[in-house]
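Undergrad: Structure in structure tokens, see below.
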Amino acid sequence: MARVTRVIPGLPLTLGYTLFYLSLLVLLPLAGLVVKTTQLSWHEFAATIVDPVVVAAFKLTVGASVIAAAINGVFGLIVAWVLVREPFFGRRFFDALIDLPFALPTAVAGITFSALYLKDGWIGGLGDHIVAAANLLAAYGGHPDLFSPGALSWLDLPFSNTNTGIVIVLVFVGLPFVVRTVQPVLQEWDAEFEQAAHSLGANGWTTFRRVIFPEIFPAWLSGVALAFARAIGEYGSVIFIASNIPGKSQIVPLQIVIKLDEFQTPQATAMGVVLLVIALLVLLGINGIEFWARHRQLAVA
Amino acid sequence: MRRISKSYGSSQALKDVSLKVNSGELVALLGPSGSGKTTLLRIIAGIEDADPGSGEVLFDDVDVSSTNVGKRRIGFVFQHYALFKQMSVFENIAFGLRSKPWRERPSKAVIRAKVEELLALVQLQNFARRYPNQLSGGQRQRVALARALAVEPQVLLLDEPFGALDATVRRELRRWLRKLHDTIKVTTIFVTHDQEEALEVADRIAVMNAGKIEQFASPEEVYERPANPFVFRFLGNYNLFHARHDGAPHPHDETETAAPVTFVRPHDVEILRENPDGSAIAAKVTHIGFAGAAVNIELVRHDDQQSIDAELTNQAYRDLGLKQDDEVFIRLRNSHSFYEDYAI
């Protein structure tokens, strides 16, 4: 038997370390989660999950995460494209900025976003601010209250105090994933493929749709999946921007925290397990699509 | 297509190059790397633009300089094929037809028939559903060619078409290309740095050097009557004789003062056992390199110790019965003298 040359020396040790490390940090806590949940009877488990408040929370969490991942899918791709393909002043600066959502404590992001976008925020209450400023100017001219206070409220962003704010922060925390997965593929991209497509008469859109996108599709999909998984578990930023009304604007992680505060730990872990299963299913499904996309071209007809 | 004339004024890549290719011709752009041949090809294709205001590309007397690549009706084959990896061979070839605006797009049945026809032309009928990474280099090259031909180009442009292939496949493919060209008669321009390839395949060869076309003529003309020392040197091995004050390059040459350099191909060096009329040069065999069909002999002249390469056919070598250190006479059959101040 030929001796296999190993890149990393002492493989039994490194392998053992890897398994130990994964067990300690990932498998054990997850197992604990499941074990704790089994303290509930099947009936209690079902009762916890089908509670209308909890169901609403799940709908909101998954729905907002799907929308945020989709938005990141489109705009993250555009951002990655621009950062790779369009040389503009300050490109490196903006490139570095992309990682900020990774580094910024999400609570800070949540507070910042609520200060900006909620009804009394700079942007969220734009119409009211303009009205106030105009009235102030008019008062100097002797015409106080020139505009009625609600005259420009249609300028207030439509998502003030609604769940749209949740989607916005989720888009923020998920932005780097798509950009950072797609960017390297675009950088490796050989311009010859595009030139070939152009020389065959394909226009820009056709070239993108049929030549470039299929190439970046697997990376793009993993980026979207990561953004989704991140959004599902996001807590810190969302609780600041959401109004957190039970059954309307509470996300699952907040429900879990509430249950923990009420010392209903098994109920909290039950929700955690469901969230985990959703995230796993999504990642599994996306891996399946990637696998299919990669092996489709290897299948000999 | 009647005429491409192309003048392009640029400091480095191409210096006012003009080239007129006749319809249905197969032309090689031959030159060392950096001579601007690929740049010229890409400008003809429209992938790159000539310097503003420098010149124009004409197809059939129509200026296409400002026409987009896709509208020029050219077929471009890239050196590394640039086949679309995630598409099958069939989809690759059909790409050009499927990408047409829907008004001009042929029906599915027409596309299918056209692709089948092209697959037959490039002898890849059974490979339609394969993907590029399942093909050999030669097969990929043929797919790239079929893909370029699918849009029925006015001009077919090939960038180092056989550059990435091994020697055997290369020879096979270039004969095949010649035959293909004779069948489809589409005007073709290909870039190569391989003299043999250009000589064997092309109707005419444009020898390029440092952004200029040194000579544009038939392979025979280029080889037998090179316009200048560069062309001579580039097209094969050579012996170089400097006319010196102490002697003529060889005894036949009466113009030694006016001819600074004389070139002779190794196979034009004749080796004789005797010196019948006293005109041959005495030399000594210093090395014999057996290369199969040809035998390379290295000699040293007795008069000025200059070394000379000779190439004999296997037959001639055996007839002479040459051995190392044999004393022989050489005669130059076909020499070219250049009068210009060509820096060596």
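We label chains A, B, ... in the order they appear in the structure tokens, count residues from 1 in each chain, and number ligands from 1 in the order shown.
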Within range 69-314 of chain B, find each residue whose DSSP state, derived from the backbone, is helix (DSSP H, G or I), and express the selection as an MDAnalysis selection string.
TA: chainID B and resid 69:71 89:98 108:121 125:127 132:134 137:149 167:184 195:201 219:224 229:234 266:268 314
Undergrad: I'd like a table as a Markdown table: residues in chain B with an atom no more than 6 Å from chain A, each row giving the shortest atom pair and its distance in Å to one decimal, only C-alpha atoms counted, sorted by chain and rising residue number.
TA:
```
| residue | atom | partner | partner_atom | distance |
| --- | --- | --- | --- | --- |
| B:Val69 | CA | A:Ser199 | CA | 5.3 |
| B:Gly70 | CA | A:Gly201 | CA | 3.8 |
| B:Ala82 | CA | A:Phe193 | CA | 5.2 |
| B:Gly96 | CA | A:Leu200 | CA | 4.7 |
| B:Ser99 | CA | A:Ala202 | CA | 5.1 |
| B:Arg129 | CA | A:Ala301 | CA | 5.9 |
| B:Tyr131 | CA | A:Gln297 | CA | 5.9 |
```
Undergrad: Save out the residues we just selected, C-alpha atoms, as a PDB file, in the first residue's frame.
TA:
```pdb
ATOM      1  CA  VAL B  69     -18.323  43.261 -31.634  1.00  0.00           C
ATOM      2  CA  GLY B  70     -21.635  41.467 -31.693  1.00  0.00           C
ATOM      3  CA  ALA B  82     -13.459  30.231 -23.637  1.00  0.00           C
ATOM      4  CA  GLY B  96     -24.974  32.539 -30.732  1.00  0.00           C
ATOM      5  CA  SER B  99     -28.823  34.988 -28.210  1.00  0.00           C
ATOM      6  CA  ARG B 129     -24.449  16.398 -24.611  1.00  0.00           C
ATOM      7  CA  TYR B 131     -19.655  19.307 -21.135  1.00  0.00           C
TER       8      TYR B 131
END
```
Undergrad: Find the spatial neighbours of range 47-50 of chain A, counting only C-alpha atoms, within a cut-off of 8 Å - ignore same-chain residues fewer than 6 positions away - and output them as an NGL selection string.
TA: :A and (267 or 270-271)
Undergrad: What does the file look like for those residues with C-alpha atoms, as a PDB file, in the first residue's frame?
TA:
```pdb
ATOM      1  CA  GLN A 267     -40.474  25.874  26.400  1.00  0.00           C
ATOM      2  CA  ALA A 270     -38.419  23.866  22.305  1.00  0.00           C
ATOM      3  CA  MET A 271     -38.622  27.023  20.235  1.00  0.00           C
TER       4      MET A 271
END
```
Undergrad: Neighbours of Gly233 in chain A within 12 Å (only C-alpha atoms; same-chain residues fewer than 6 positions away dropped), as a list in words?
TA: Phe58, Thr61, Val62, Ala64, Ser65, Thr106, Leu170, Val173, Gly174, Leu226, Ala227, Ile251, Val252, Pro253, Leu254, Ile256, Met271, Gly272, Val273, Val274, Leu275, Leu276, Ile278 and Ala279 of chain A
Undergrad: For a quick check of understanding, using only C-alpha atoms, which of B:Gln215, B:Asn314, B:Ser23, B:Thr262 has the smallest distance to Gly289 in chain B?
TA: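 Smallest distance to Gly289 in chain B is found for B:Asn314.
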Undergrad: Any idea what the distance is between CA of Arg225 in chain B and CA of His336 in chain B?
TA: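 Straight-line distance from CA of Arg225 in chain B to CA of His336 in chain B works out to 8.2 Å.
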Undergrad: Could you go through range 65-242 of chain B and tell me which residues DSSP, when run on the backbone, assigns to strand (DSSP E), listing them as a PyMOL selection string?
TA: chain B and resi 74-77+155-159+187-192+204-209+212-217+239-242
Undergrad: For the selection you just gave me, I'd like the residues written to a file as an mmCIF file, in the first residue's frame, keeping N, CA and C atoms.
TA:
```
data_model
loop_
_atom_site.group_PDB
_atom_site.id
_atom_site.type_symbol
_atom_site.label_atom_id
_atom_site.label_comp_id
_atom_site.auth_asym_id
_atom_site.auth_seq_id
_atom_site.Cartn_x
_atom_site.Cartn_y
_atom_site.Cartn_z
ATOM 1 N N ILE B 74 -18.396 38.585 -36.931
ATOM 2 C CA ILE B 74 -17.127 37.883 -36.915
ATOM 3 C C ILE B 74 -17.280 36.653 -36.028
ATOM 4 N N GLY B 75 -16.447 35.685 -36.285
ATOM 5 C CA GLY B 75 -16.379 34.540 -35.390
ATOM 6 C C GLY B 75 -15.002 34.558 -34.769
ATOM 7 N N PHE B 76 -14.961 34.562 -33.453
ATOM 8 C CA PHE B 76 -13.660 34.670 -32.802
ATOM 9 C C PHE B 76 -13.410 33.401 -31.996
ATOM 10 N N VAL B 77 -12.256 32.785 -32.234
ATOM 11 C CA VAL B 77 -11.898 31.596 -31.455
ATOM 12 C C VAL B 77 -10.726 31.966 -30.561
ATOM 13 N N VAL B 155 -16.096 36.908 -41.299
ATOM 14 C CA VAL B 155 -14.676 36.664 -41.087
ATOM 15 C C VAL B 155 -14.525 35.776 -39.868
ATOM 16 N N LEU B 156 -13.644 34.808 -39.986
ATOM 17 C CA LEU B 156 -13.343 33.946 -38.856
ATOM 18 C C LEU B 156 -11.965 34.329 -38.336
ATOM 19 N N LEU B 157 -11.893 34.603 -37.050
ATOM 20 C CA LEU B 157 -10.623 35.039 -36.462
ATOM 21 C C LEU B 157 -10.192 34.031 -35.411
ATOM 22 N N LEU B 158 -8.979 33.541 -35.530
ATOM 23 C CA LEU B 158 -8.504 32.540 -34.582
ATOM 24 C C LEU B 158 -7.232 33.036 -33.908
ATOM 25 N N ASP B 159 -7.264 33.035 -32.577
ATOM 26 C CA ASP B 159 -6.111 33.500 -31.826
ATOM 27 C C ASP B 159 -5.310 32.291 -31.365
ATOM 28 N N THR B 187 -13.621 33.649 -45.068
ATOM 29 C CA THR B 187 -12.380 34.397 -44.892
ATOM 30 C C THR B 187 -11.857 34.188 -43.472
ATOM 31 N N THR B 188 -10.617 33.771 -43.358
ATOM 32 C CA THR B 188 -10.097 33.405 -42.047
ATOM 33 C C THR B 188 -8.762 34.078 -41.795
ATOM 34 N N ILE B 189 -8.609 34.617 -40.610
ATOM 35 C CA ILE B 189 -7.318 35.174 -40.212
ATOM 36 C C ILE B 189 -6.928 34.489 -38.924
ATOM 37 N N PHE B 190 -5.747 33.903 -38.873
ATOM 38 C CA PHE B 190 -5.336 33.309 -37.606
ATOM 39 C C PHE B 190 -3.959 33.781 -37.191
ATOM 40 N N VAL B 191 -3.794 33.827 -35.873
ATOM 41 C CA VAL B 191 -2.556 34.315 -35.286
ATOM 42 C C VAL B 191 -1.733 33.119 -34.857
ATOM 43 N N THR B 192 -0.450 33.145 -35.122
ATOM 44 C CA THR B 192 0.398 32.057 -34.666
ATOM 45 C C THR B 192 1.828 32.565 -34.492
ATOM 46 N N ARG B 204 -1.753 33.106 -47.435
ATOM 47 C CA ARG B 204 -0.768 34.182 -47.363
ATOM 48 C C ARG B 204 -0.368 34.396 -45.902
ATOM 49 N N ILE B 205 0.833 34.868 -45.724
ATOM 50 C CA ILE B 205 1.335 35.074 -44.372
ATOM 51 C C ILE B 205 1.731 36.537 -44.204
ATOM 52 N N ALA B 206 1.262 37.125 -43.109
ATOM 53 C CA ALA B 206 1.739 38.458 -42.761
ATOM 54 C C ALA B 206 2.725 38.285 -41.621
ATOM 55 N N VAL B 207 4.002 38.511 -41.906
ATOM 56 C CA VAL B 207 5.008 38.366 -40.866
ATOM 57 C C VAL B 207 5.085 39.681 -40.108
ATOM 58 N N MET B 208 4.872 39.610 -38.798
ATOM 59 C CA MET B 208 4.828 40.837 -38.010
ATOM 60 C C MET B 208 6.002 40.909 -37.053
ATOM 61 N N ASN B 209 6.444 42.132 -36.835
ATOM 62 C CA ASN B 209 7.518 42.365 -35.881
ATOM 63 C C ASN B 209 7.365 43.761 -35.309
ATOM 64 N N LYS B 212 4.687 46.043 -36.674
ATOM 65 C CA LYS B 212 4.666 46.317 -38.104
ATOM 66 C C LYS B 212 4.551 45.020 -38.874
ATOM 67 N N ILE B 213 3.996 45.125 -40.065
ATOM 68 C CA ILE B 213 3.994 43.953 -40.931
ATOM 69 C C ILE B 213 5.239 44.031 -41.800
ATOM 70 N N GLU B 214 6.127 43.062 -41.652
ATOM 71 C CA GLU B 214 7.398 43.085 -42.378
ATOM 72 C C GLU B 214 7.217 42.595 -43.803
ATOM 73 N N GLN B 215 6.368 41.619 -43.960
ATOM 74 C CA GLN B 215 6.131 41.081 -45.297
ATOM 75 C C GLN B 215 4.771 40.414 -45.314
ATOM 76 N N PHE B 216 4.053 40.582 -46.414
ATOM 77 C CA PHE B 216 2.752 39.944 -46.546
ATOM 78 C C PHE B 216 2.710 39.272 -47.895
ATOM 79 N N ALA B 217 2.890 37.981 -47.920
ATOM 80 C CA ALA B 217 2.996 37.267 -49.192
ATOM 81 C C ALA B 217 2.648 35.804 -48.983
ATOM 82 N N ASN B 239 22.264 30.197 -41.203
ATOM 83 C CA ASN B 239 23.668 30.505 -40.982
ATOM 84 C C ASN B 239 23.879 31.948 -41.367
ATOM 85 N N LEU B 240 24.693 32.606 -40.610
ATOM 86 C CA LEU B 240 24.904 34.025 -40.849
ATOM 87 C C LEU B 240 26.353 34.246 -41.239
ATOM 88 N N PHE B 241 26.557 34.973 -42.334
ATOM 89 C CA PHE B 241 27.927 35.286 -42.754
ATOM 90 C C PHE B 241 28.105 36.779 -42.784
ATOM 91 N N HIS B 242 29.073 37.245 -42.064
ATOM 92 C CA HIS B 242 29.374 38.666 -42.131
ATOM 93 C C HIS B 242 30.441 38.864 -43.184
#
```
Undergrad: Determine, counting only C-alpha atoms, which protein, DNA and RNA residues have an atom within 9 Å of an atom of Phe234 in chain B; residues of the same chain fewer than 3 positions away are not included. Present the result as a short mmCIF file (atom, residue, chain, number, x, y, z; two decimals) with C-alpha atoms, in the first residue's frame.
TA:
```cif
data_model
loop_
_atom_site.label_atom_id
_atom_site.label_comp_id
_atom_site.auth_asym_id
_atom_site.auth_seq_id
_atom_site.Cartn_x
_atom_site.Cartn_y
_atom_site.Cartn_z
CA GLY B 31 5.32 36.90 -35.42
CA PRO B 32 7.14 36.54 -32.12
CA GLN B 195 6.36 29.30 -38.62
CA VAL B 207 5.01 38.37 -40.87
CA PRO B 229 16.65 39.74 -42.37
CA PHE B 230 13.93 39.61 -39.73
CA VAL B 231 11.65 37.54 -41.94
CA ASN B 237 17.24 28.18 -38.81
#
```
Undergrad: Which distance in Å separates CA of Lys85 in chain B and CA of Val179 in chain A, to one decimal?
TA: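 A separation of 23.1 Å between them.
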Undergrad: Of the residues B:Leu145, B:Ala128, B:Ala210, B:Ala120, which is the one nearest to Thr39 in chain B, using only C-alpha atoms?
TA: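 Among B:Leu145, B:Ala128, B:Ala210, B:Ala120, it is B:Ala210 that comes nearest to Thr39 in chain B.
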Undergrad: With only C-alpha atoms as the counted atoms, please give the residues lying no more than 8 Å from Phe162 in chain B, apart from itself and same-chain residues fewer than 2 positions off, as a ChimeraX atom specification.
TA: /B:79,141,160,164-165,170,173-174
